[in-house]
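Peer 1: Following this line is coords.cif, made up of mmCIF, C-alpha atoms:
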data_structure
loop_
_atom_site.group_PDB
_atom_site.id
_atom_site.type_symbol
_atom_site.label_atom_id
_atom_site.label_comp_id
_atom_site.auth_asym_id
_atom_site.auth_seq_id
_atom_site.Cartn_x
_atom_site.Cartn_y
_atom_site.Cartn_z
ATOM 1 C CA MET A 160 214.508 50.029 111.544
ATOM 2 C CA ASN A 161 213.858 52.347 114.513
ATOM 3 C CA ARG A 162 210.207 51.733 115.312
ATOM 4 C CA ARG A 163 210.248 54.313 118.114
ATOM 5 C CA ALA A 164 211.434 56.998 115.676
ATOM 6 C CA MET A 165 208.742 55.970 113.185
ATOM 7 C CA SER A 166 206.125 56.108 115.905
ATOM 8 C CA ASN A 167 207.240 59.548 117.065
ATOM 9 C CA ASN A 168 207.294 60.905 113.504
ATOM 10 C CA ALA A 169 203.863 59.472 112.764
ATOM 11 C CA SER A 170 202.415 60.990 115.924
ATOM 12 C CA ARG A 171 203.740 64.397 114.952
ATOM 13 C CA ARG A 172 202.267 64.417 111.452
ATOM 14 C CA PRO A 173 198.706 65.422 112.435
ATOM 15 C CA ILE A 174 200.034 68.213 114.663
ATOM 16 C CA PHE A 175 202.395 69.433 111.931
ATOM 17 C CA ALA A 176 199.623 69.310 109.342
ATOM 18 C CA LEU A 177 197.296 71.246 111.641
ATOM 19 C CA ALA A 178 199.955 73.876 112.301
ATOM 20 C CA LEU A 179 200.632 74.201 108.573
ATOM 21 C CA THR A 180 196.924 74.669 107.923
ATOM 22 C CA PHE A 181 196.756 77.529 110.422
ATOM 23 C CA ALA A 182 199.926 79.061 109.032
ATOM 24 C CA LEU A 183 198.554 79.045 105.508
ATOM 25 C CA ALA A 184 195.257 80.452 106.695
ATOM 26 C CA ALA A 185 197.049 83.280 108.490
ATOM 27 C CA CYS A 186 198.824 84.152 105.262
ATOM 28 C CA GLY A 187 195.535 84.391 103.404
ATOM 29 C CA SER A 188 194.531 87.761 102.033
ATOM 30 C CA GLY A 189 192.667 89.905 104.509
ATOM 31 C CA VAL A 190 192.475 87.290 107.297
ATOM 32 C CA ASN A 191 194.221 89.546 109.790
ATOM 33 C CA ALA A 192 192.660 92.761 108.476
ATOM 34 C CA PRO A 193 189.968 94.322 110.660
ATOM 35 C CA ALA A 194 186.477 93.791 109.347
ATOM 36 C CA GLN A 195 184.803 96.835 107.824
ATOM 37 C CA PRO A 196 181.680 98.034 109.629
ATOM 38 C CA ASP A 197 178.325 97.609 107.972
ATOM 39 C CA LEU A 198 177.347 100.571 105.801
ATOM 40 C CA SER A 199 174.137 100.908 107.804
ATOM 41 C CA THR A 200 176.289 102.145 110.703
ATOM 42 C CA ALA A 201 178.028 104.848 108.654
ATOM 43 C CA PRO A 202 177.938 108.389 110.132
ATOM 44 C CA LEU A 203 175.678 109.737 107.378
ATOM 45 C CA ALA A 204 173.604 106.604 106.839
ATOM 46 C CA GLY A 205 169.988 107.604 106.332
ATOM 47 C CA ALA A 206 170.755 111.319 106.026
ATOM 48 C CA ARG A 207 168.816 113.243 103.399
ATOM 49 C CA ILE A 208 171.873 114.512 101.558
ATOM 50 C CA GLY A 209 172.459 114.221 97.829
ATOM 51 C CA GLY A 210 170.223 113.709 94.857
ATOM 52 C CA ASP A 211 169.694 114.532 91.245
ATOM 53 C CA PHE A 212 171.070 117.630 89.551
ATOM 54 C CA ALA A 213 171.674 118.854 86.014
ATOM 55 C CA LEU A 214 175.018 120.641 85.768
ATOM 56 C CA THR A 215 177.685 121.213 83.125
ATOM 57 C CA ASP A 216 181.200 119.772 82.905
ATOM 58 C CA SER A 217 184.288 121.292 81.284
ATOM 59 C CA ALA A 218 183.262 119.976 77.860
ATOM 60 C CA GLY A 219 179.840 121.598 78.060
ATOM 61 C CA LYS A 220 178.111 118.270 78.587
ATOM 62 C CA THR A 221 175.130 117.999 80.915
ATOM 63 C CA VAL A 222 175.981 115.821 83.903
ATOM 64 C CA ARG A 223 173.476 114.289 86.302
ATOM 65 C CA TRP A 224 173.889 112.528 89.625
ATOM 66 C CA ALA A 225 172.713 109.257 88.074
ATOM 67 C CA ASP A 226 175.667 109.344 85.658
ATOM 68 C CA PHE A 227 177.922 108.315 88.557
ATOM 69 C CA LYS A 228 175.939 105.216 89.499
ATOM 70 C CA GLY A 229 178.300 102.375 90.373
ATOM 71 C CA LYS A 230 181.014 104.772 91.552
ATOM 72 C CA TRP A 231 181.892 105.861 95.042
ATOM 73 C CA ARG A 232 181.728 109.660 95.002
ATOM 74 C CA VAL A 233 183.299 112.443 97.016
ATOM 75 C CA VAL A 234 181.457 115.756 96.564
ATOM 76 C CA TYR A 235 182.844 119.167 97.493
ATOM 77 C CA PHE A 236 181.119 122.531 96.944
ATOM 78 C CA GLY A 237 183.410 125.555 96.654
ATOM 79 C CA TYR A 238 184.720 128.121 94.188
ATOM 80 C CA THR A 239 187.946 128.486 92.233
ATOM 81 C CA TYR A 240 188.593 132.110 93.250
ATOM 82 C CA CYS A 241 188.668 131.108 96.917
ATOM 83 C CA PRO A 242 191.959 132.443 98.335
ATOM 84 C CA ASP A 243 192.584 129.784 100.963
ATOM 85 C CA ALA A 244 190.000 127.265 102.216
ATOM 86 C CA CYS A 245 188.917 125.626 98.952
ATOM 87 C CA PRO A 246 192.370 124.992 97.477
ATOM 88 C CA MET A 247 193.595 123.732 100.863
ATOM 89 C CA ASP A 248 190.612 121.392 101.289
ATOM 90 C CA MET A 249 190.986 120.031 97.773
ATOM 91 C CA THR A 250 194.717 119.498 98.260
ATOM 92 C CA VAL A 251 194.132 117.520 101.460
ATOM 93 C CA LEU A 252 191.444 115.490 99.710
ATOM 94 C CA SER A 253 193.713 114.835 96.728
ATOM 95 C CA GLN A 254 196.608 113.698 98.904
ATOM 96 C CA GLY A 255 194.273 111.516 100.964
ATOM 97 C CA LEU A 256 192.967 109.817 97.834
ATOM 98 C CA GLN A 257 196.526 109.228 96.640
ATOM 99 C CA LYS A 258 197.532 107.761 99.995
ATOM 100 C CA PHE A 259 194.517 105.454 99.924
ATOM 101 C CA ALA A 260 195.398 104.394 96.358
ATOM 102 C CA GLU A 261 198.909 103.350 97.401
ATOM 103 C CA LYS A 262 197.516 100.378 99.335
ATOM 104 C CA ASN A 263 194.146 100.007 97.609
ATOM 105 C CA PRO A 264 194.595 100.784 93.898
ATOM 106 C CA ALA A 265 191.583 98.766 92.752
ATOM 107 C CA LEU A 266 189.260 100.380 95.298
ATOM 108 C CA ALA A 267 190.671 103.839 94.658
ATOM 109 C CA ALA A 268 189.818 103.443 90.976
ATOM 110 C CA LYS A 269 186.149 103.204 92.006
ATOM 111 C CA ILE A 270 186.152 106.661 93.630
ATOM 112 C CA GLN A 271 185.218 109.783 91.670
ATOM 113 C CA PRO A 272 185.929 113.172 93.287
ATOM 114 C CA ILE A 273 183.522 115.925 92.176
ATOM 115 C CA PHE A 274 183.905 119.696 92.605
ATOM 116 C CA ILE A 275 180.736 121.813 92.244
ATOM 117 C CA THR A 276 181.143 125.573 92.137
ATOM 118 C CA ILE A 277 178.916 127.875 94.152
ATOM 119 C CA ASP A 278 180.134 130.834 92.057
ATOM 120 C CA PRO A 279 178.926 130.161 88.495
ATOM 121 C CA GLU A 280 179.115 133.849 87.587
ATOM 122 C CA ARG A 281 182.902 133.544 87.515
ATOM 123 C CA ASP A 282 183.458 129.781 87.370
ATOM 124 C CA ASP A 283 182.563 128.879 83.801
ATOM 125 C CA LYS A 284 183.100 125.429 82.307
ATOM 126 C CA ALA A 285 186.708 126.151 81.312
ATOM 127 C CA ARG A 286 187.546 127.451 84.758
ATOM 128 C CA VAL A 287 186.153 124.470 86.685
ATOM 129 C CA GLY A 288 187.829 122.145 84.188
ATOM 130 C CA GLU A 289 191.254 123.701 84.781
ATOM 131 C CA PHE A 290 190.711 123.671 88.532
ATOM 132 C CA GLY A 291 189.708 120.007 88.619
ATOM 133 C CA ALA A 292 192.559 118.920 86.359
ATOM 134 C CA ALA A 293 195.084 120.483 88.737
ATOM 135 C CA PHE A 294 194.507 117.666 91.238
ATOM 136 C CA LYS A 295 195.415 113.986 91.118
ATOM 137 C CA PRO A 296 193.366 111.943 90.726
ATOM 138 C CA ALA A 297 191.589 114.302 88.355
ATOM 139 C CA VAL A 298 188.499 115.953 89.778
ATOM 140 C CA ILE A 299 185.353 116.455 87.709
ATOM 141 C CA GLY A 300 184.496 120.147 87.898
ATOM 142 C CA LEU A 301 180.868 121.152 87.431
ATOM 143 C CA THR A 302 179.130 124.491 86.940
ATOM 144 C CA GLY A 303 175.774 125.681 85.613
ATOM 145 C CA SER A 304 173.266 128.479 85.827
ATOM 146 C CA ARG A 305 172.694 130.195 89.140
ATOM 147 C CA ALA A 306 169.335 128.423 89.426
ATOM 148 C CA ASP A 307 170.914 125.016 88.730
ATOM 149 C CA ILE A 308 173.709 125.586 91.256
ATOM 150 C CA ASP A 309 171.276 126.760 93.920
ATOM 151 C CA ALA A 310 169.106 123.693 93.333
ATOM 152 C CA ALA A 311 172.093 121.332 93.622
ATOM 153 C CA ALA A 312 173.334 123.056 96.785
ATOM 154 C CA LYS A 313 169.901 122.672 98.358
ATOM 155 C CA VAL A 314 169.777 118.957 97.561
ATOM 156 C CA PHE A 315 173.226 118.480 99.121
ATOM 157 C CA ALA A 316 172.407 120.677 102.147
ATOM 158 C CA VAL A 317 175.150 123.202 101.329
ATOM 159 C CA TYR A 318 174.930 126.786 102.550
ATOM 160 C CA HIS A 319 176.320 129.469 100.229
ATOM 161 C CA ALA A 320 176.006 133.225 99.816
ATOM 162 C CA LYS A 321 177.871 136.106 98.248
ATOM 163 C CA GLY A 322 180.235 137.561 100.810
ATOM 164 C CA GLU A 323 182.176 140.750 101.188
ATOM 165 C CA GLY A 324 183.850 142.564 98.360
ATOM 166 C CA VAL A 325 187.632 142.525 98.010
ATOM 167 C CA PRO A 326 189.951 144.325 95.577
ATOM 168 C CA GLY A 327 189.209 142.871 92.154
ATOM 169 C CA GLY A 328 186.166 140.864 93.127
ATOM 170 C CA TYR A 329 184.322 139.327 96.071
ATOM 171 C CA LEU A 330 184.416 136.338 98.375
ATOM 172 C CA MET A 331 181.803 133.609 98.788
ATOM 173 C CA ASP A 332 180.564 132.281 102.116
ATOM 174 C CA HIS A 333 179.794 128.577 102.108
ATOM 175 C CA SER A 334 179.737 125.477 104.252
ATOM 176 C CA ARG A 335 182.818 123.283 103.904
ATOM 177 C CA GLY A 336 182.815 119.524 103.653
ATOM 178 C CA ALA A 337 183.755 116.601 101.427
ATOM 179 C CA ASN A 338 180.984 114.034 101.620
ATOM 180 C CA LEU A 339 181.482 110.406 100.641
ATOM 181 C CA PHE A 340 178.624 108.639 98.828
ATOM 182 C CA ASP A 341 178.318 104.952 98.002
ATOM 183 C CA PRO A 342 177.790 103.531 94.475
ATOM 184 C CA ASP A 343 174.022 104.000 94.843
ATOM 185 C CA GLY A 344 174.454 107.662 95.732
ATOM 186 C CA LYS A 345 173.653 107.228 99.426
ATOM 187 C CA PRO A 346 175.584 109.399 101.920
ATOM 188 C CA ILE A 347 178.192 107.561 103.976
ATOM 189 C CA SER A 348 180.628 109.862 105.729
ATOM 190 C CA ILE A 349 182.224 113.317 105.945
ATOM 191 C CA LEU A 350 185.918 113.089 105.077
ATOM 192 C CA PRO A 351 188.189 114.899 107.585
ATOM 193 C CA ILE A 352 189.722 117.388 105.143
ATOM 194 C CA ASP A 353 189.721 120.096 107.823
ATOM 195 C CA ARG A 354 192.753 118.605 109.596
ATOM 196 C CA GLY A 355 195.262 120.316 107.321
ATOM 197 C CA LEU A 356 198.194 118.983 105.351
ATOM 198 C CA ASN A 357 199.975 117.405 108.325
ATOM 199 C CA ASP A 358 197.247 115.031 109.508
ATOM 200 C CA GLY A 359 194.492 115.412 106.924
ATOM 201 C CA PRO A 360 195.668 113.116 104.116
ATOM 202 C CA ALA A 361 196.242 110.166 106.453
ATOM 203 C CA ALA A 362 192.906 110.788 108.162
ATOM 204 C CA VAL A 363 191.112 110.920 104.806
ATOM 205 C CA ALA A 364 192.775 107.676 103.692
ATOM 206 C CA ALA A 365 191.787 105.991 106.972
ATOM 207 C CA GLU A 366 188.153 107.075 106.573
ATOM 208 C CA LEU A 367 188.078 105.749 103.019
ATOM 209 C CA GLN A 368 189.647 102.491 104.202
ATOM 210 C CA GLN A 369 186.813 102.065 106.667
ATOM 211 C CA TRP A 370 183.954 102.408 104.198
ATOM 212 C CA VAL A 371 184.986 101.899 100.557
ATOM 213 C CA ARG A 372 184.603 98.290 99.445
#
Show how you would write the structure in this file as structure tokens.
Peer 2:
Amino acid sequence: MNRRAMSNNASRRPIFALALTFALAACGSGVNAPAQPDLSTAPLAGARIGGDFALTDSAGKTVRWADFKGKWRVVYFGYTYCPDACPMDMTVLSQGLQKFAEKNPALAAKIQPIFITIDPERDDKARVGEFGAAFKPAVIGLTGSRADIDAAAKVFAVYHAKGEGVPGGYLMDHSRGANLFDPDGKPISILPIDRGLNDGPAAVAAELQQWVR
């Protein structure tokens, strides 16, 4: 028997075992992934944005902010007759959510996108329902009386006003932004939907990756 070989092999076992331990640890889920920042450091943490409302969905059901408790929420105020900005913003948001879902399907399932019209005179429940269903994942479209919409816009710090007339109707002026809220309804971040179709979806997915958990 080669005692020297036995001795060498025995001396290597602890080193090999230690190396194997580190190798297995490195293969563990999320070990090499960057840690997510604390939600208290989020861009909108502590902002007075968001709160209760009573609006109507496409089925005519009254929907309140508390109905989404436990869900991450992305809220966008706009109008379906918008000729450019609103459909572009919603498309970027939709593609960003899909890109995020490719790598994070379980987390993506916890996110509910919400579209609230600022033009209830034209955007009835059927109209917001059709608009929301045109995007994937499906967006919950909400409308209501002018008083209810104005109250919701105020709570979410959204500017809106009737704009200039155009052939066949009128435009609406409004602030643009898709705000991310946590499962308790607290504001977290503004998603970068303004970057357009080239860079926007990836930027939206990256922002979601940073905060959704």
Peer 1: Of the candidates A:Pro326, A:Pro264, A:Pro342, A:Pro296, which shows the shortest atom-to-atom distance to Met249 in chain A, using all atoms listed in the file?
Peer 2: A:Pro296
Peer 1: Measuring between only C-alpha atoms, which one of A:Leu256, A:Ile208, A:Val234, A:Ala365 shows the shortest distance to Ile299 in chain A?
Peer 2: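 So, comparing all the options, the nearest one is A:Val234.
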Peer 1: Between A:Pro279, A:Gly255, A:Gly355, A:Gly288, single out the one closest to Lys321 in chain A, counting all atoms listed in the file.
Peer 2: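 Result for the nearest residue to Lys321 in chain A: A:Pro279.
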Peer 1: Ranking A:Phe236, A:Glu289, A:Ile270, A:Phe340 by minimum distance to Tyr318 in chain A and counting only C-alpha atoms, which one comes first?
Peer 2: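 That would be A:Phe236, the residue with the smallest distance to Tyr318 in chain A.
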Peer 1: What's the separation between CA of Ala265 in chain A and CA of Gln369 in chain A, in Å to one decimal place?
Peer 2: 15.1 Å
Peer 1: Go through the shown structure with the PyMOL selection byres ((chain A and resi 330) around 9) and write out the matching residues as a PyMOL selection string.
Peer 2: chain A and resi 240-242+321-325+328-329+331-332
Peer 1: Mind listing as a count of residues only all residues within 9 Å of (177.0, 115.7, 87.3), counting all atoms listed in the file?
Peer 2: 18
Peer 1: With the input short on atoms, add N, CA and C atoms back to range 269-281 of chain A and write it as a tab-separated table (two decimals), keeping the file's coordinate frame.
Peer 2:
chain	number	residue	atom	x	y	z
A	269	LYS	N	187.61	103.14	91.98
A	269	LYS	CA	186.15	103.20	92.01
A	269	LYS	C	185.64	104.52	92.57
A	270	ILE	N	186.54	105.41	92.99
A	270	ILE	CA	186.15	106.66	93.63
A	270	ILE	C	186.26	107.82	92.64
A	271	GLN	N	185.20	108.61	92.54
A	271	GLN	CA	185.22	109.78	91.67
A	271	GLN	C	185.04	111.05	92.51
A	272	PRO	N	186.09	111.88	92.61
A	272	PRO	CA	185.93	113.17	93.29
A	272	PRO	C	185.24	114.19	92.37
A	273	ILE	N	184.32	114.96	92.94
A	273	ILE	CA	183.52	115.92	92.18
A	273	ILE	C	183.57	117.28	92.87
A	274	PHE	N	183.90	118.32	92.10
A	274	PHE	CA	183.90	119.70	92.60
A	274	PHE	C	182.76	120.46	91.95
A	275	ILE	N	181.87	121.03	92.76
A	275	ILE	CA	180.74	121.81	92.24
A	275	ILE	C	180.90	123.25	92.70
A	276	THR	N	180.96	124.18	91.76
A	276	THR	CA	181.14	125.57	92.14
A	276	THR	C	179.86	126.17	92.72
A	277	ILE	N	180.05	127.11	93.65
A	277	ILE	CA	178.92	127.88	94.15
A	277	ILE	C	178.99	129.31	93.61
A	278	ASP	N	179.90	129.51	92.64
A	278	ASP	CA	180.13	130.83	92.06
A	278	ASP	C	180.11	130.75	90.53
A	279	PRO	N	178.97	130.37	89.95
A	279	PRO	CA	178.93	130.16	88.50
A	279	PRO	C	179.12	131.44	87.68
A	280	GLU	N	178.92	132.59	88.30
A	280	GLU	CA	179.12	133.85	87.59
A	280	GLU	C	180.56	134.01	87.14
A	281	ARG	N	181.49	133.48	87.89
A	281	ARG	CA	182.90	133.54	87.52
A	281	ARG	C	183.46	132.19	87.09
